[in-house]
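K.L.:
Encoded as structure tokens, here's the structure I'll be asking about.
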Amino acid sequence: MADERQIGSILATDVGSTTTKAVLIEKKDAEYRLTARGEAATTVEAPHEDVMIGVLNAIRQVEGETGRDLLDGDRLITPRRDGRGVDIFVSTSSAGGGLQMTVTGLVKAMTGESAQRAALGAGAIVMDIISVDDARLVVERIRRLKELRPDIILLSGGTDDGNISGVVALSEYIAAAGPKPRLGGEFRVPVIYAGNKNARDYVQDTLEGIGDVHFVENIRPSLERENLEPARSEIHRLFLEHVMARAPGYAALLDWTAHRIQPTPMAVGKMMRLAADRYGVNILGVDIGGATTDVFSVVGGVFNRTVSANIGMSYSLSNVLVASGPENIIRWLPGEPSERDVRNWAANKMIRPTTLPEDLPELLLEHATAREALRLALDHHRQLAVTLKGVQQNRTFDDALEQKMTGQPLVKTGVIDVIIGSGGVISNAPRRSQAALLLLDAFEPGGICRLYVDSIFMLPHLGVLSEVDPAIALEVFEKDCLVPLGTCVAPIGRARPGDVLARATVVLPDGTRLNEEVIGGALRVIPLAAGKPAKVVIDPARGIDFGRGPGRRVEGEAGGGVVGLILDGRGRPIILPSQPDRRRRMLLDWWKALDAYPVDRLRQDDGEEGRAH
């Protein structure tokens, strides 16, 4: 950790695929706060092909906002002197498509998944998983390895006491493919071997002259244990040496910083883990973009990240439509648009991906689609964020391929304490209550769960800063990064509309005691300001579970926020009526309770004259 007494200012940049963002953090009145922010178009691709142009443009915006000199020409002034420059510079990057990898494993649902978790946790996009039990023909697997041109290949397979023939076969696939580097050049594609240690010599001989082979500890030394960090550390090292160093302009960016540049998702994951450890909570985070959606979780100290590479709100909108079905999008709308209307809207959005909703119907349609995109991304995350699959037993290699998998999902209803949402559709929602509803409807938290929005996506900056000084990163995380929306209290399991699910006692910060009821099928909001938590005691009705078991009392602290304390009696999963009129009334009641959309206007538009239901 750096000596924070010597740190007066920090400049952090995140070089994204389309936008480069810079933030200035300074120590003022004994606390660290965000001072200014700038952004510019990323310039890693033609015609500029120099990432530093975008970086300099973003920093100059910060200079203009603060009136301070941070640059001397095209050079960063560091350390700070005479009121000019900064003490520390850190950066993350996902430009040029980020870090792209292919991973291998003997059994796709075992070592293949472990390799995938290692790569995703290191901030990579996993382009494909090649395994011995792959349904594709061998020639198709080899062709796929050849066509993908990954930045790095992670070769895994086999426990340290297992058979070596399978992992040797995987190395032969790579050798036959002879993969070439994505960014061009004559160097060999790095291959990280993290499999059965007894097969290292065979792998080295097979890939001699084909790939640049690096050996680390086995990611799955036994069926009962994963060892992902050595592989993740090596991925990060090679990312800097083989990807960053060869990308246009990155050599100058590397020269600016004394600290490691990190892949953007890896930095986000570090901040998530730091916060989960510091506060002792289980965290679920999401970043929904135009083409992809990242989901992060830390449950019981176990970190997982997934990338839904074809789920997004512009470029990948058609995939959301296909995967969810138009009917599942329409169910979140009070009107009855045709499937053709929904498809036409999605097609127009893909043609003009940067356009924003022009009126309320378009906003409602975008938010309905976002609910389904978030739900699909969470489903994908749950498939990978599981306990280890496989049981300890003496078995042959063929047995391993056929054995029943037993992994259980880690991200379950009722275990998440904090949800953090980011991405344009969430962070830029016209009302914060809309962002809260998107998170509640898509992720369906149970028990007591706090909701936040990272409104300017500062998590990458803070994640890379945490390697320099975790205390500073946490301080800015609390004060400037997250916008608290409030706290949701909800039952786990089905809820019959109209039933009293629980009686809630809420003790406000000023000592005022409120006695409330959680009603099945309804939402109720109690205003509660940020920074002023309330004590909540939930006494469930018989058979109703709020996180501690059916009928058992739950006590906790509810953090305030822009929305407040939300008593959500809709049950888990949320079931919408099939009858259009009933569904419409229910949606409008929910939206009115949170003041999310102009409900009276919607009712008047349909001739209901503002009638309450």
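Identifiers in this document derive from the order of the structure tokens: chains are assigned A, B, ..., residues are numbered from 1 separately in each chain, and ligands are numbered from 1 in order of occurrence.
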Per DSSP on the backbone, filter range 249-440 of chain A down to the residues in strand (DSSP E or B) and report them as a list in words.

P.N.:
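Checking each residue of range 249-440 of chain A, the strand (DSSP E or B) ones are Gln262, Pro263, Ile283, Leu284, Gly285, Val286, Asp287, Ile288, Thr293, Asp294, Val295, Phe296, Ser297, Val298, Val299, Val302, Phe303, Asn304, Arg305, Thr306, Val307, Ser308, Val386, Pro409, Val418, Ile419, Ile420, Gly421 and Ser422 of chain A.
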
K.L.:
Using only C-alpha atoms, which of the listed residues (A:Val55, A:Ile538, A:Leu317, A:Leu474) sits closest to Arg552 in chain A?

P.N.:
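Among A:Val55, A:Ile538, A:Leu317, A:Leu474, it is A:Ile538 that comes nearest to Arg552 in chain A.
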
K.L.:
Using only C-alpha atoms, which residue out of A:Ala522, A:Val213, A:Ala169, A:Leu565 lies closest to Leu587 in chain A?

P.N.:
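Using only C-alpha atoms, the shortest distance to Leu587 in chain A belongs to A:Ala522.
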
K.L.:
Please provide as JSON, numbers by chain all residues within 7 Å of range 300-304 of chain A, with the sequence filter that same-chain residues fewer than 4 positions apart are discarded (counting only C-alpha atoms).

P.N.:
{"A": [117, 121, 273, 282, 296, 385]}

K.L.:
Produce a file of the selected residues containing N, CA and C atoms, as a compact mmCIF listing (two decimals), in the first residue's frame.

P.N.:
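Output (selection08.txt):
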# COMPACT_ATOMS: atom_id res chain seq x y z
N ARG A 117 -13.67 -19.87 -15.98
CA ARG A 117 -13.72 -18.97 -14.82
C ARG A 117 -12.40 -18.25 -14.63
N GLY A 121 -12.27 -14.22 -15.00
CA GLY A 121 -11.83 -13.48 -13.82
C GLY A 121 -10.63 -12.61 -14.10
N ARG A 273 -14.57 -7.39 -5.25
CA ARG A 273 -14.04 -8.28 -4.21
C ARG A 273 -13.59 -7.49 -2.99
N ASN A 282 -22.42 -10.19 0.30
CA ASN A 282 -22.46 -10.82 -1.01
C ASN A 282 -22.94 -9.80 -2.03
N PHE A 296 -21.04 -9.69 -12.52
CA PHE A 296 -20.03 -10.01 -11.51
C PHE A 296 -20.75 -10.44 -10.23
N ALA A 385 -21.43 -19.63 -12.34
CA ALA A 385 -21.10 -19.35 -10.94
C ALA A 385 -21.69 -20.45 -10.07

K.L.:
Using only C-alpha atoms, which residues sit within 12 Å of Glu31 in chain A once same-chain residues fewer than 2 positions away are excluded, as a PDB file with C-alpha atoms, in the first residue's frame?

P.N.:
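Writing the result to selection_26.pdb gives the following:
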ATOM      1  CA  GLU A   4      -1.490   8.010   1.533  1.00  0.00           C
ATOM      2  CA  ARG A   5       0.073  11.011   3.290  1.00  0.00           C
ATOM      3  CA  ILE A   7      -0.741  11.026  -2.270  1.00  0.00           C
ATOM      4  CA  GLY A   8      -2.487  14.298  -2.994  1.00  0.00           C
ATOM      5  CA  SER A   9      -3.937  13.541  -6.409  1.00  0.00           C
ATOM      6  CA  ILE A  25      -9.266  12.192  -7.501  1.00  0.00           C
ATOM      7  CA  GLU A  26      -7.814  14.639  -4.983  1.00  0.00           C
ATOM      8  CA  LYS A  27      -7.349  14.857  -1.245  1.00  0.00           C
ATOM      9  CA  LYS A  28      -9.258  17.825   0.153  1.00  0.00           C
ATOM     10  CA  ASP A  29     -10.028  18.528   3.808  1.00  0.00           C
ATOM     11  CA  ARG A  33     -13.073  12.872  -3.500  1.00  0.00           C
ATOM     12  CA  LEU A  34     -13.742  12.830  -7.214  1.00  0.00           C
ATOM     13  CA  THR A  35     -12.804  16.278  -8.530  1.00  0.00           C
ATOM     14  CA  ALA A 471      -8.305   2.645   1.556  1.00  0.00           C
ATOM     15  CA  ILE A 472      -8.452   5.489  -0.960  1.00  0.00           C
ATOM     16  CA  ALA A 473     -10.352   3.331  -3.439  1.00  0.00           C
ATOM     17  CA  LEU A 474     -12.936   2.374  -0.805  1.00  0.00           C
ATOM     18  CA  GLU A 475     -13.353   5.966   0.344  1.00  0.00           C
ATOM     19  CA  VAL A 476     -14.129   7.223  -3.165  1.00  0.00           C
ATOM     20  CA  GLU A 478     -18.487   5.040  -0.891  1.00  0.00           C
ATOM     21  CA  LYS A 479     -18.676   8.787  -1.429  1.00  0.00           C
ATOM     22  CA  ASP A 480     -18.589   9.367  -5.178  1.00  0.00           C
TER      23      ASP A 480
END

K.L.:
Could you list, as a PyMOL selection string, every residue within 9 Å of Ala58 in chain A, counting only C-alpha atoms and ignoring same-chain residues fewer than 6 positions away?

P.N.:
chain A and resi 13+20-23+37-41

K.L.:
Any chance you could export the current selection's C-alpha atoms as a PDB file, in the first residue's frame?

P.N.:
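Output file part_18.pdb is given in full below:
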ATOM      1  CA  THR A  13      -8.084   6.459 -17.193  1.00  0.00           C
ATOM      2  CA  THR A  20     -11.844   6.768 -23.077  1.00  0.00           C
ATOM      3  CA  LYS A  21     -12.706   8.122 -19.626  1.00  0.00           C
ATOM      4  CA  ALA A  22     -10.435  10.028 -17.233  1.00  0.00           C
ATOM      5  CA  VAL A  23     -11.135  10.867 -13.574  1.00  0.00           C
ATOM      6  CA  ARG A  37     -14.156  13.736 -15.120  1.00  0.00           C
ATOM      7  CA  GLY A  38     -13.501  13.869 -18.853  1.00  0.00           C
ATOM      8  CA  GLU A  39     -14.132  11.573 -21.786  1.00  0.00           C
ATOM      9  CA  ALA A  40     -13.251  11.329 -25.455  1.00  0.00           C
ATOM     10  CA  ALA A  41     -13.554   8.870 -28.310  1.00  0.00           C
TER      11      ALA A  41
END

K.L.:
DSSP on the backbone, helix (DSSP H, G or I) only: what residues of range 75-141 of chain A does that give? Format it as a ChimeraX atom specification.

P.N.:
/A:95-97,108-121,138-141

K.L.:
Any chance you could export the current selection's N, CA and C atoms as a compact mmCIF listing (two decimals), in the first residue's frame?

P.N.:
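Result written to again-v6.txt:
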# COMPACT_ATOMS: atom_id res chain seq x y z
N ALA A 95 -9.89 -1.64 -24.94
CA ALA A 95 -9.93 -1.18 -26.33
C ALA A 95 -9.52 -2.30 -27.28
N GLY A 96 -9.91 -2.14 -28.53
CA GLY A 96 -9.55 -3.13 -29.54
C GLY A 96 -10.20 -4.48 -29.32
N GLY A 97 -11.36 -4.46 -28.64
CA GLY A 97 -12.04 -5.71 -28.35
C GLY A 97 -11.61 -6.34 -27.05
N LYS A 108 -15.93 -30.40 -20.65
CA LYS A 108 -16.36 -29.00 -20.76
C LYS A 108 -17.00 -28.51 -19.48
N ALA A 109 -17.78 -29.36 -18.81
CA ALA A 109 -18.49 -28.94 -17.62
C ALA A 109 -17.64 -29.03 -16.36
N MET A 110 -16.36 -29.42 -16.49
CA MET A 110 -15.50 -29.48 -15.30
C MET A 110 -14.25 -28.63 -15.52
N THR A 111 -13.17 -29.22 -16.09
CA THR A 111 -11.96 -28.41 -16.29
C THR A 111 -12.20 -27.31 -17.32
N GLY A 112 -13.12 -27.54 -18.28
CA GLY A 112 -13.46 -26.49 -19.23
C GLY A 112 -14.06 -25.28 -18.54
N GLU A 113 -14.97 -25.53 -17.59
CA GLU A 113 -15.58 -24.43 -16.85
C GLU A 113 -14.57 -23.76 -15.92
N SER A 114 -13.68 -24.54 -15.31
CA SER A 114 -12.66 -23.94 -14.46
C SER A 114 -11.76 -23.01 -15.27
N ALA A 115 -11.38 -23.46 -16.47
CA ALA A 115 -10.56 -22.61 -17.34
C ALA A 115 -11.32 -21.35 -17.74
N GLN A 116 -12.60 -21.51 -18.00
CA GLN A 116 -13.43 -20.35 -18.36
C GLN A 116 -13.50 -19.36 -17.20
N ARG A 117 -13.67 -19.87 -15.98
CA ARG A 117 -13.72 -18.97 -14.82
C ARG A 117 -12.40 -18.25 -14.63
N ALA A 118 -11.29 -18.95 -14.86
CA ALA A 118 -9.97 -18.31 -14.72
C ALA A 118 -9.82 -17.17 -15.73
N ALA A 119 -10.20 -17.42 -16.98
CA ALA A 119 -10.05 -16.41 -18.02
C ALA A 119 -10.99 -15.23 -17.80
N LEU A 120 -12.23 -15.51 -17.46
CA LEU A 120 -13.20 -14.44 -17.22
C LEU A 120 -12.78 -13.58 -16.04
N GLY A 121 -12.27 -14.22 -15.00
CA GLY A 121 -11.83 -13.48 -13.82
C GLY A 121 -10.63 -12.61 -14.10
N VAL A 138 -13.29 -33.48 -34.74
CA VAL A 138 -11.94 -32.99 -34.45
C VAL A 138 -11.51 -31.94 -35.46
N VAL A 139 -11.81 -32.17 -36.72
CA VAL A 139 -11.41 -31.21 -37.76
C VAL A 139 -12.11 -29.87 -37.55
N GLU A 140 -13.34 -29.90 -37.04
CA GLU A 140 -14.05 -28.65 -36.77
C GLU A 140 -13.44 -27.91 -35.59
N ARG A 141 -12.99 -28.65 -34.58
CA ARG A 141 -12.34 -28.00 -33.43
C ARG A 141 -11.04 -27.33 -33.88

K.L.:
Residues at most 9 Å from Glu147 in chain A, counting only C-alpha atoms, excluding those fewer than 4 positions away in the same chain, as a list of chain:residue names?

P.N.:
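Here the answer would be A:Ile142, A:Arg143, A:Ala177, A:Pro179, A:Lys180.
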
K.L.:
Please produce a file of the residues just selected, as a PDB file, in the first residue's frame, where the atoms kept are N, CA and C atoms.

P.N.:
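And here's selection.pdb as it stands now:
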ATOM      1  N   ILE A 142     -10.286 -28.025 -34.721  1.00  0.00           N
ATOM      2  CA  ILE A 142      -9.012 -27.465 -35.212  1.00  0.00           C
ATOM      3  C   ILE A 142      -9.282 -26.233 -36.070  1.00  0.00           C
ATOM      4  N   ARG A 143     -10.288 -26.320 -36.939  1.00  0.00           N
ATOM      5  CA  ARG A 143     -10.628 -25.166 -37.781  1.00  0.00           C
ATOM      6  C   ARG A 143     -11.053 -23.978 -36.930  1.00  0.00           C
ATOM      7  N   ALA A 177      -3.768 -26.554 -35.574  1.00  0.00           N
ATOM      8  CA  ALA A 177      -4.393 -25.290 -35.987  1.00  0.00           C
ATOM      9  C   ALA A 177      -3.350 -24.235 -36.318  1.00  0.00           C
ATOM     10  N   PRO A 179      -2.371 -21.441 -34.605  1.00  0.00           N
ATOM     11  CA  PRO A 179      -3.047 -20.139 -34.503  1.00  0.00           C
ATOM     12  C   PRO A 179      -2.089 -18.965 -34.681  1.00  0.00           C
ATOM     13  N   LYS A 180      -2.611 -17.901 -35.319  1.00  0.00           N
ATOM     14  CA  LYS A 180      -1.834 -16.694 -35.570  1.00  0.00           C
ATOM     15  C   LYS A 180      -2.336 -15.563 -34.667  1.00  0.00           C
TER      16      LYS A 180
END

K.L.:
So which residues touch Leu99 in chain A within 8 Å, counting only C-alpha atoms, skipping near sequence neighbours fewer than 6 positions away, as a VMD selection string?

P.N.:
chain A and resid 123 to 125 151 239 243 263

K.L.:
Any chance you can output those residues with N, CA and C atoms as a PDB file, in the first residue's frame?

P.N.:
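File again.pdb, as written:
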ATOM      1  N   GLY A 123     -10.413 -10.902 -16.791  1.00  0.00           N
ATOM      2  CA  GLY A 123     -10.890  -9.818 -17.639  1.00  0.00           C
ATOM      3  C   GLY A 123     -10.999 -10.148 -19.101  1.00  0.00           C
ATOM      4  N   ALA A 124     -10.983 -11.433 -19.454  1.00  0.00           N
ATOM      5  CA  ALA A 124     -11.000 -11.815 -20.865  1.00  0.00           C
ATOM      6  C   ALA A 124     -12.415 -12.036 -21.377  1.00  0.00           C
ATOM      7  N   ILE A 125     -12.565 -11.956 -22.680  1.00  0.00           N
ATOM      8  CA  ILE A 125     -13.742 -12.467 -23.372  1.00  0.00           C
ATOM      9  C   ILE A 125     -13.380 -13.861 -23.872  1.00  0.00           C
ATOM     10  N   ASP A 151      -5.923 -13.831 -28.517  1.00  0.00           N
ATOM     11  CA  ASP A 151      -4.718 -13.198 -27.971  1.00  0.00           C
ATOM     12  C   ASP A 151      -3.910 -14.191 -27.158  1.00  0.00           C
ATOM     13  N   PHE A 239      -1.057 -10.420 -20.985  1.00  0.00           N
ATOM     14  CA  PHE A 239      -1.882  -9.353 -21.548  1.00  0.00           C
ATOM     15  C   PHE A 239      -1.053  -8.082 -21.712  1.00  0.00           C
ATOM     16  N   VAL A 243      -0.311  -8.266 -25.602  1.00  0.00           N
ATOM     17  CA  VAL A 243      -1.458  -7.576 -26.183  1.00  0.00           C
ATOM     18  C   VAL A 243      -1.259  -6.072 -26.104  1.00  0.00           C
ATOM     19  N   PRO A 263      -6.938  -5.144 -17.554  1.00  0.00           N
ATOM     20  CA  PRO A 263      -8.164  -5.227 -18.353  1.00  0.00           C
ATOM     21  C   PRO A 263      -9.323  -4.646 -17.550  1.00  0.00           C
TER      22      PRO A 263
END

K.L.:
What is the CA of Lys535 in chain A-CA of Val507 in chain A distance in Å, reported with one decimal?

P.N.:
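Value for the CA of Lys535 in chain A-CA of Val507 in chain A distance: 5.1 Å.
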
K.L.:
Mind pulling up the distance from CA of Glu339 in chain A to CA of Thr355 in chain A?

P.N.:
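Value for the CA of Thr355 in chain A-CA of Glu339 in chain A distance: 21.2 Å.
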
K.L.:
Under the rule of at most 7 Å, produce a per-residue listing of range 314-420 of chain A near range 289-294 of chain A: chain, number, name, the closest pair of atoms, and the distance in Å, as CSV, using only C-alpha atoms.

P.N.:
residue,atom,partner,partner_atom,distance
A:Ser314,CA,A:Gly290,CA,4.5
A:Tyr315,CA,A:Ala291,CA,5.0
A:Ser316,CA,A:Ala291,CA,4.9
A:Ala377,CA,A:Thr293,CA,6.6

K.L.:
Between CA of Leu364 in chain A and CA of Gln434 in chain A, what is the distance, to one decimal in Å?

P.N.:
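These atoms are spaced 10.0 Å apart.
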
K.L.:
Which of these, A:Ala36, A:Ala368, A:Ala435, A:Met244, has the shortest distance to Gly335 in chain A once you count only C-alpha atoms?

P.N.:
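Going through A:Ala36, A:Ala368, A:Ala435, A:Met244 one by one, the smallest distance to Gly335 in chain A is for A:Ala368.
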
K.L.:
Go through A:Gly166, A:Gly83, A:Gly421, A:Gly564 and flag the residue nearest Ile288 in chain A, using only C-alpha atoms for the distances.

P.N.:
A:Gly421

K.L.:
For each of A:Arg582, A:His367, A:Arg225, A:Arg553, take the minimum atom-to-atom distance to Thr505 in chain A, counting only C-alpha atoms, then give the residue where this is smallest.

P.N.:
A:Arg553

K.L.:
Counting only C-alpha atoms, which residues of range 65-110 of chain A fall within 10 Å of range 253-258 of chain A, and what is the closest atom pair for each with its distance in Å at one decimal, ordered by chain and rising number, as JSON lines?

P.N.:
{"residue": "A:Arg75", "atom": "CA", "partner": "A:Trp256", "partner_atom": "CA", "distance": 8.2}
{"residue": "A:Leu76", "atom": "CA", "partner": "A:Trp256", "partner_atom": "CA", "distance": 7.1}
{"residue": "A:Ile77", "atom": "CA", "partner": "A:Trp256", "partner_atom": "CA", "distance": 9.4}
{"residue": "A:Thr78", "atom": "CA", "partner": "A:Trp256", "partner_atom": "CA", "distance": 8.7}
{"residue": "A:Ile88", "atom": "CA", "partner": "A:Thr257", "partner_atom": "CA", "distance": 7.8}
{"residue": "A:Phe89", "atom": "CA", "partner": "A:Thr257", "partner_atom": "CA", "distance": 5.6}
{"residue": "A:Val90", "atom": "CA", "partner": "A:Thr257", "partner_atom": "CA", "distance": 6.1}
{"residue": "A:Ser91", "atom": "CA", "partner": "A:Thr257", "partner_atom": "CA", "distance": 7.9}
